[in-house]
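A quick write-up on the structure given underneath.
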Amino acid sequence: MATHYRTCPFCEATCGLEIETDEREVVSVRGDEADVFSRGFICPKAYGIKQLHEDPDRLTAPLVRRDGELVEATWGEAFEEIDRRLSPILAEHGRNAVGVYLGNPNAHSLPFVLYGPAWLRMLGSQNIFSASTVDQMPKQVSVGAMFGTMLSVPIPDVDRCEHLLLLGANPLVSNGSLLTAPDMRGRLRGIRERGGKVVVVDPRRTRTAEEADEHHFIRPGADALLLAAIACTLVEEGLEAPGKLAAHTNGLAEVRALVREFTPEAVAGACGIDAAEIRRMARELAAAERAAVYARIGTCTQEFGTLASWLVDVLNVLTGNLDREGGAMFTLAAAGQRNSSGATGSGKGVRFGRWASRVRGLPEAFGELPVAVLAEEIETPGEGQIRALVTVAGNPLISTPNSGRLARAVEGLDFMLAVDIYVNETTRHADVILPAPEPLEKPHYDLALYQLAARNVANYSPPVLDPTLPPEWHTFLRLAGVVTGQGPNADVEALDSMVIQTLVQRELGNPDSRVAGREPAELLEALEPRRGPERILDLMIRVGPYGDGFGADPDGLTLDVLEQHPHGIDLGPLEPRLPDMLRTPSGKIELAPEAIVADLERLRAALRRAHNGGMVLIGRRQLRSNNSWMHNLPALVKGKDPCTLHVHPDDAARLGLTDRGRALVRSAAGEVEAPVEVTDGIMPGVVSIPHGWGHDEEGVRMGVASTHAGVNSNLLADESQVDPLSGNAVLNGIPVEVAAAPGAEPAEPAAAAAG
Ligand code: SF4
């Protein structure tokens, strides 16, 4: 028997696991009591690491389509097929003829985070899509414009906060999102035990809301109006106090003027919250010594996603809570983006819209296009049409809006390649599937998420099991070989050498770097004999803010040091980082970015919009589910059907729906039939279906998921509806008609469709 300590790779919380193995058998999975961050906390998904290891449906060899069937092939055969099919498309139709979709698990994959970008650069396509535009892109756009980089996200300092206002976030179930902090229940309870207050705003009374001091239902899509009204109250009543932030902020006066029209009285109807309540929320926020406003997916996946995300940080600035202990702070990670290095504060900032989607003209953000345009980019003939699609750990036929249209579109592709562990609803269409190693066979370091942590921590996990598959970084480098014309058998060692040399040269060429002026050979020698992700990670840690600077600080961090600390290293609480962390060209917080201010016109128009009384659909997060990909693990799907339509009792009565009956839900994009769960935990006029389900498609090879199929809520999402600045799909607040399904038992009064 052997005991291993490892960070859980399944969500942003980065919990420490204690895993016992006997040879290749995983005997037990527990929380690691000695983990410096999670202190033994885990959620039910942690056990999934054992069940994923044992899952007979997990792919263990490449699949290649022969005579219409996906059959096992060798790696050599699979790469030959990729080269045979993909290279002519690139040669004949150019780089943009290949689209790429990246799923959410990539954010937790060290090999992908470090090698995926290199492969994408070599591919050179502008048709890059990811789960970001059905999730958090609005927040990244707003913080990019305000602070200068996509990861300059203020994190609520939950362990010292005394007043936390949460919107569209359910951290008790999500375990934190753009907020890495294991055991959010314990941390939120800590706020209340310190005499503080937790306030939740959400169209559902979520588990987080149940634990909070106060919960307000809000109409889906109205968060930006509420936030603007809170800002207005602060300004009107002289409650704003940016303090030291004023010296580091451009646009304060403009924002003060802009929010004045959004009075609580003006927005109350649209929000469904009394004006007096909004004013009280504002006053309490202003009065709290240490407060933070935090908003997540519910505020991003709506028509005013970027405005709402921006207004969250406007409030953090107006109340003086940005960059203050107990407020909203910036993590200083051991490795990551330049803004984590602690170097002096200004930079290039961000530019959006460097190119646009071909058909609808939607702008790129951070190098990717909105996934809401993927189907039309495949369907529409002409130069730049997507003819081949590569998906990596993604299931866009379940996860993206109007997935019914996308399912039809991919049928017309000339070639499709997937890097995935399953034959799922998307990869069943692929011509080649390259399996990725299971988490236990990979090194792990949550490079992206530690940059969003509520405490500065670092934890590296070596692989637990010997590999049975080629490492993922080999796969990406071989794909890089194909797209650069080196054929199916590119020299992986040589490509890896090129990658590390490029990174070393970039570091040495940065005047802010701790190693500027040193010789490349000196650094490369010090990184020996590591290869692959560990070599790059070691470089990043050593030049990072806690690193040894390649010998400059003998007590500094290296990957060797992290390996000697299997429970992680605590690098301390968040510290004020302004103005050094700013990367805007001005070196200031841009509180009134031009594009965001211009978008306020849409919000004004929304105030004038009459509510038509119709029903709207929202999603919901589930503790045992992680988007679409963990539904084949028996422990996570056992028990009662989680994929139900939540409907308020008043609406159920009006619409003739009964608890455990069935409802037909129709939108502009499609229709689904779902089991009904009547609950007063949802706002009247709103219904909810969790996303990520719908596993009953032909050709899916996920035995457990297929018997717990659920319905695909994204068949209802309308791909024409996006937040214009970020391109993020509007998944919350979808207009729907709801009625009892034909043949379902009608309740009293008789069934009637909502208008
Ligand atoms: S909260 Fe997230 S990181 Fe922690 S055990 Fe659950 S899935 Fe893993």
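By order of appearance in the structure tokens: chains A, B, ..., then residues from 1 within every chain, and ligands from 1 in the order shown.
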
TODO: Mind listing the alpha helix (DSSP H) residues of segment 566-717 of chain A, per DSSP on the backbone, as a ChimeraX atom specification?
DONE: /A:594-608,634-637,649-655,703-707

Open item on the list: I'd like the contact shell of Leu539 of chain A - 10 Å cut-off, only C-alpha atoms, skipping same-chain residues fewer than 6 positions apart - returned as a PyMOL selection string.
Closed with: chain A and resi 335+500+503-504+507+523-524+526-527+533+547+549-550+558-559

Open item on the list: When you count only C-alpha atoms and all ligand atoms, which of these residues is closest to ligand 1: A:Ser174, A:Ser713, A:Gln136, A:Thr475?
Closed with: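 Going through A:Ser174, A:Ser713, A:Gln136, A:Thr475 one by one, the smallest distance to ligand 1 is for A:Ser174.
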
Task: Expected selection as a ChimeraX atom specification for ligand 1 within 8 Å, only C-alpha atoms and all ligand atoms - done: /A:7-17,31,38,41-47,174-175,182-183

Task: Separation of atom CA of Thr74 of chain A from atom CA of Pro117 of chain A, in Å and rounded to one decimal - done: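 Calculated distance between atom CA of Thr74 of chain A and atom CA of Pro117 of chain A is 25.9 Å.
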
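With only C-alpha atoms as the atoms that count, the minimum distance from Leu477 of chain A to the choices A:Glu376, A:Glu601, A:Asp723, A:Glu493 is reached by A:Glu493.
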
List every residue of segment 118-177 of chain A that has an atom at most 12 Å from any atom of segment 398-403 of chain A, giving for each one its closest atom pair and the distance in Å to one decimal, counting only C-alpha atoms, sorted by chain and then by ascending residue number, as JSON lines.
```
{"residue": "A:Phe129", "atom": "CA", "partner": "A:Thr400", "partner_atom": "CA", "distance": 10.7}
{"residue": "A:Ser130", "atom": "CA", "partner": "A:Thr400", "partner_atom": "CA", "distance": 9.6}
{"residue": "A:Ala131", "atom": "CA", "partner": "A:Ser399", "partner_atom": "CA", "distance": 7.7}
{"residue": "A:Ser132", "atom": "CA", "partner": "A:Thr400", "partner_atom": "CA", "distance": 10.5}
{"residue": "A:Thr133", "atom": "CA", "partner": "A:Thr400", "partner_atom": "CA", "distance": 8.8}
{"residue": "A:Val134", "atom": "CA", "partner": "A:Thr400", "partner_atom": "CA", "distance": 6.6}
{"residue": "A:Asp135", "atom": "CA", "partner": "A:Thr400", "partner_atom": "CA", "distance": 10.0}
```

Open item on the list: So that I can see what lies close to Gly532 of chain A, please list as a PyMOL selection string the residues with an atom at most 12 Å from it, counting only C-alpha atoms and leaving out residues fewer than 4 positions away in the same chain.
Closed with: chain A and resi 110-115+442-443+471-477+492-500+527-528+536-539

Once you have the residues from the selection above, write them out as a PDB file, in the first residue's frame, restricted to N, CA and C atoms.
```pdb
ATOM      1  N   LEU A 110      -2.336  20.840 -16.148  1.00  0.00           N
ATOM      2  CA  LEU A 110      -1.031  21.487 -16.298  1.00  0.00           C
ATOM      3  C   LEU A 110      -0.455  21.269 -17.698  1.00  0.00           C
ATOM      4  N   PRO A 111      -0.516  20.032 -18.231  1.00  0.00           N
ATOM      5  CA  PRO A 111       0.023  19.858 -19.592  1.00  0.00           C
ATOM      6  C   PRO A 111      -0.693  20.744 -20.608  1.00  0.00           C
ATOM      7  N   PHE A 112      -2.015  20.868 -20.495  1.00  0.00           N
ATOM      8  CA  PHE A 112      -2.694  21.704 -21.487  1.00  0.00           C
ATOM      9  C   PHE A 112      -2.358  23.180 -21.285  1.00  0.00           C
ATOM     10  N   VAL A 113      -2.401  23.639 -20.032  1.00  0.00           N
ATOM     11  CA  VAL A 113      -2.162  25.069 -19.773  1.00  0.00           C
ATOM     12  C   VAL A 113      -0.785  25.480 -20.300  1.00  0.00           C
ATOM     13  N   LEU A 114       0.183  24.553 -20.238  1.00  0.00           N
ATOM     14  CA  LEU A 114       1.540  24.907 -20.654  1.00  0.00           C
ATOM     15  C   LEU A 114       1.829  24.604 -22.126  1.00  0.00           C
ATOM     16  N   TYR A 115       1.197  23.592 -22.689  1.00  0.00           N
ATOM     17  CA  TYR A 115       1.503  23.223 -24.078  1.00  0.00           C
ATOM     18  C   TYR A 115       0.382  23.545 -25.058  1.00  0.00           C
ATOM     19  N   LYS A 442      -1.135  12.051 -14.254  1.00  0.00           N
ATOM     20  CA  LYS A 442      -0.576  13.339 -14.694  1.00  0.00           C
ATOM     21  C   LYS A 442      -0.002  14.123 -13.511  1.00  0.00           C
ATOM     22  N   PRO A 443       1.018  14.938 -13.768  1.00  0.00           N
ATOM     23  CA  PRO A 443       1.419  15.880 -12.722  1.00  0.00           C
ATOM     24  C   PRO A 443       0.335  16.945 -12.598  1.00  0.00           C
ATOM     25  N   PRO A 471       1.981  10.961 -22.496  1.00  0.00           N
ATOM     26  CA  PRO A 471       1.554  12.172 -21.802  1.00  0.00           C
ATOM     27  C   PRO A 471       0.881  13.150 -22.765  1.00  0.00           C
ATOM     28  N   GLU A 472      -0.029  13.934 -22.195  1.00  0.00           N
ATOM     29  CA  GLU A 472      -0.804  14.873 -23.021  1.00  0.00           C
ATOM     30  C   GLU A 472       0.094  15.863 -23.753  1.00  0.00           C
ATOM     31  N   TRP A 473       1.186  16.274 -23.108  1.00  0.00           N
ATOM     32  CA  TRP A 473       2.033  17.277 -23.756  1.00  0.00           C
ATOM     33  C   TRP A 473       2.693  16.698 -24.997  1.00  0.00           C
ATOM     34  N   HIS A 474       2.946  15.386 -24.997  1.00  0.00           N
ATOM     35  CA  HIS A 474       3.423  14.737 -26.234  1.00  0.00           C
ATOM     36  C   HIS A 474       2.363  14.882 -27.322  1.00  0.00           C
ATOM     37  N   THR A 475       1.112  14.644 -26.934  1.00  0.00           N
ATOM     38  CA  THR A 475       0.014  14.732 -27.913  1.00  0.00           C
ATOM     39  C   THR A 475      -0.034  16.126 -28.533  1.00  0.00           C
ATOM     40  N   PHE A 476       0.048  17.163 -27.684  1.00  0.00           N
ATOM     41  CA  PHE A 476      -0.050  18.530 -28.232  1.00  0.00           C
ATOM     42  C   PHE A 476       1.160  18.857 -29.117  1.00  0.00           C
ATOM     43  N   LEU A 477       2.332  18.359 -28.726  1.00  0.00           N
ATOM     44  CA  LEU A 477       3.508  18.634 -29.561  1.00  0.00           C
ATOM     45  C   LEU A 477       3.440  17.859 -30.875  1.00  0.00           C
ATOM     46  N   VAL A 492       9.332  15.059 -30.792  1.00  0.00           N
ATOM     47  CA  VAL A 492       8.753  15.702 -29.602  1.00  0.00           C
ATOM     48  C   VAL A 492       9.834  16.349 -28.741  1.00  0.00           C
ATOM     49  N   GLU A 493      10.953  15.674 -28.585  1.00  0.00           N
ATOM     50  CA  GLU A 493      12.062  16.223 -27.782  1.00  0.00           C
ATOM     51  C   GLU A 493      12.513  17.570 -28.348  1.00  0.00           C
ATOM     52  N   ALA A 494      12.653  17.608 -29.674  1.00  0.00           N
ATOM     53  CA  ALA A 494      13.130  18.848 -30.303  1.00  0.00           C
ATOM     54  C   ALA A 494      12.105  19.971 -30.132  1.00  0.00           C
ATOM     55  N   LEU A 495      10.826  19.620 -30.283  1.00  0.00           N
ATOM     56  CA  LEU A 495       9.791  20.652 -30.117  1.00  0.00           C
ATOM     57  C   LEU A 495       9.749  21.143 -28.676  1.00  0.00           C
ATOM     58  N   ASP A 496       9.905  20.210 -27.733  1.00  0.00           N
ATOM     59  CA  ASP A 496       9.899  20.609 -26.321  1.00  0.00           C
ATOM     60  C   ASP A 496      11.082  21.525 -26.023  1.00  0.00           C
ATOM     61  N   SER A 497      12.204  21.195 -26.603  1.00  0.00           N
ATOM     62  CA  SER A 497      13.388  22.020 -26.422  1.00  0.00           C
ATOM     63  C   SER A 497      13.138  23.433 -26.968  1.00  0.00           C
ATOM     64  N   MET A 498      12.458  23.492 -28.104  1.00  0.00           N
ATOM     65  CA  MET A 498      12.146  24.800 -28.688  1.00  0.00           C
ATOM     66  C   MET A 498      11.216  25.596 -27.767  1.00  0.00           C
ATOM     67  N   VAL A 499      10.232  24.898 -27.186  1.00  0.00           N
ATOM     68  CA  VAL A 499       9.271  25.585 -26.297  1.00  0.00           C
ATOM     69  C   VAL A 499      10.002  26.173 -25.082  1.00  0.00           C
ATOM     70  N   ILE A 500      10.840  25.368 -24.432  1.00  0.00           N
ATOM     71  CA  ILE A 500      11.487  25.872 -23.208  1.00  0.00           C
ATOM     72  C   ILE A 500      12.483  26.989 -23.545  1.00  0.00           C
ATOM     73  N   LEU A 527      17.612  23.795 -14.998  1.00  0.00           N
ATOM     74  CA  LEU A 527      16.316  23.104 -15.089  1.00  0.00           C
ATOM     75  C   LEU A 527      16.474  21.615 -15.404  1.00  0.00           C
ATOM     76  N   GLU A 528      17.688  21.191 -15.753  1.00  0.00           N
ATOM     77  CA  GLU A 528      17.939  19.774 -16.041  1.00  0.00           C
ATOM     78  C   GLU A 528      17.725  18.941 -14.777  1.00  0.00           C
ATOM     79  N   ILE A 536       8.843  23.493 -17.377  1.00  0.00           N
ATOM     80  CA  ILE A 536       8.300  24.857 -17.530  1.00  0.00           C
ATOM     81  C   ILE A 536       7.818  25.390 -16.181  1.00  0.00           C
ATOM     82  N   LEU A 537       7.146  24.512 -15.417  1.00  0.00           N
ATOM     83  CA  LEU A 537       6.643  24.954 -14.111  1.00  0.00           C
ATOM     84  C   LEU A 537       7.793  25.377 -13.204  1.00  0.00           C
ATOM     85  N   ASP A 538       8.870  24.601 -13.215  1.00  0.00           N
ATOM     86  CA  ASP A 538      10.034  24.947 -12.389  1.00  0.00           C
ATOM     87  C   ASP A 538      10.562  26.335 -12.786  1.00  0.00           C
ATOM     88  N   LEU A 539      10.647  26.572 -14.095  1.00  0.00           N
ATOM     89  CA  LEU A 539      11.086  27.896 -14.566  1.00  0.00           C
ATOM     90  C   LEU A 539      10.169  28.988 -14.018  1.00  0.00           C
TER      91      LEU A 539
END
```
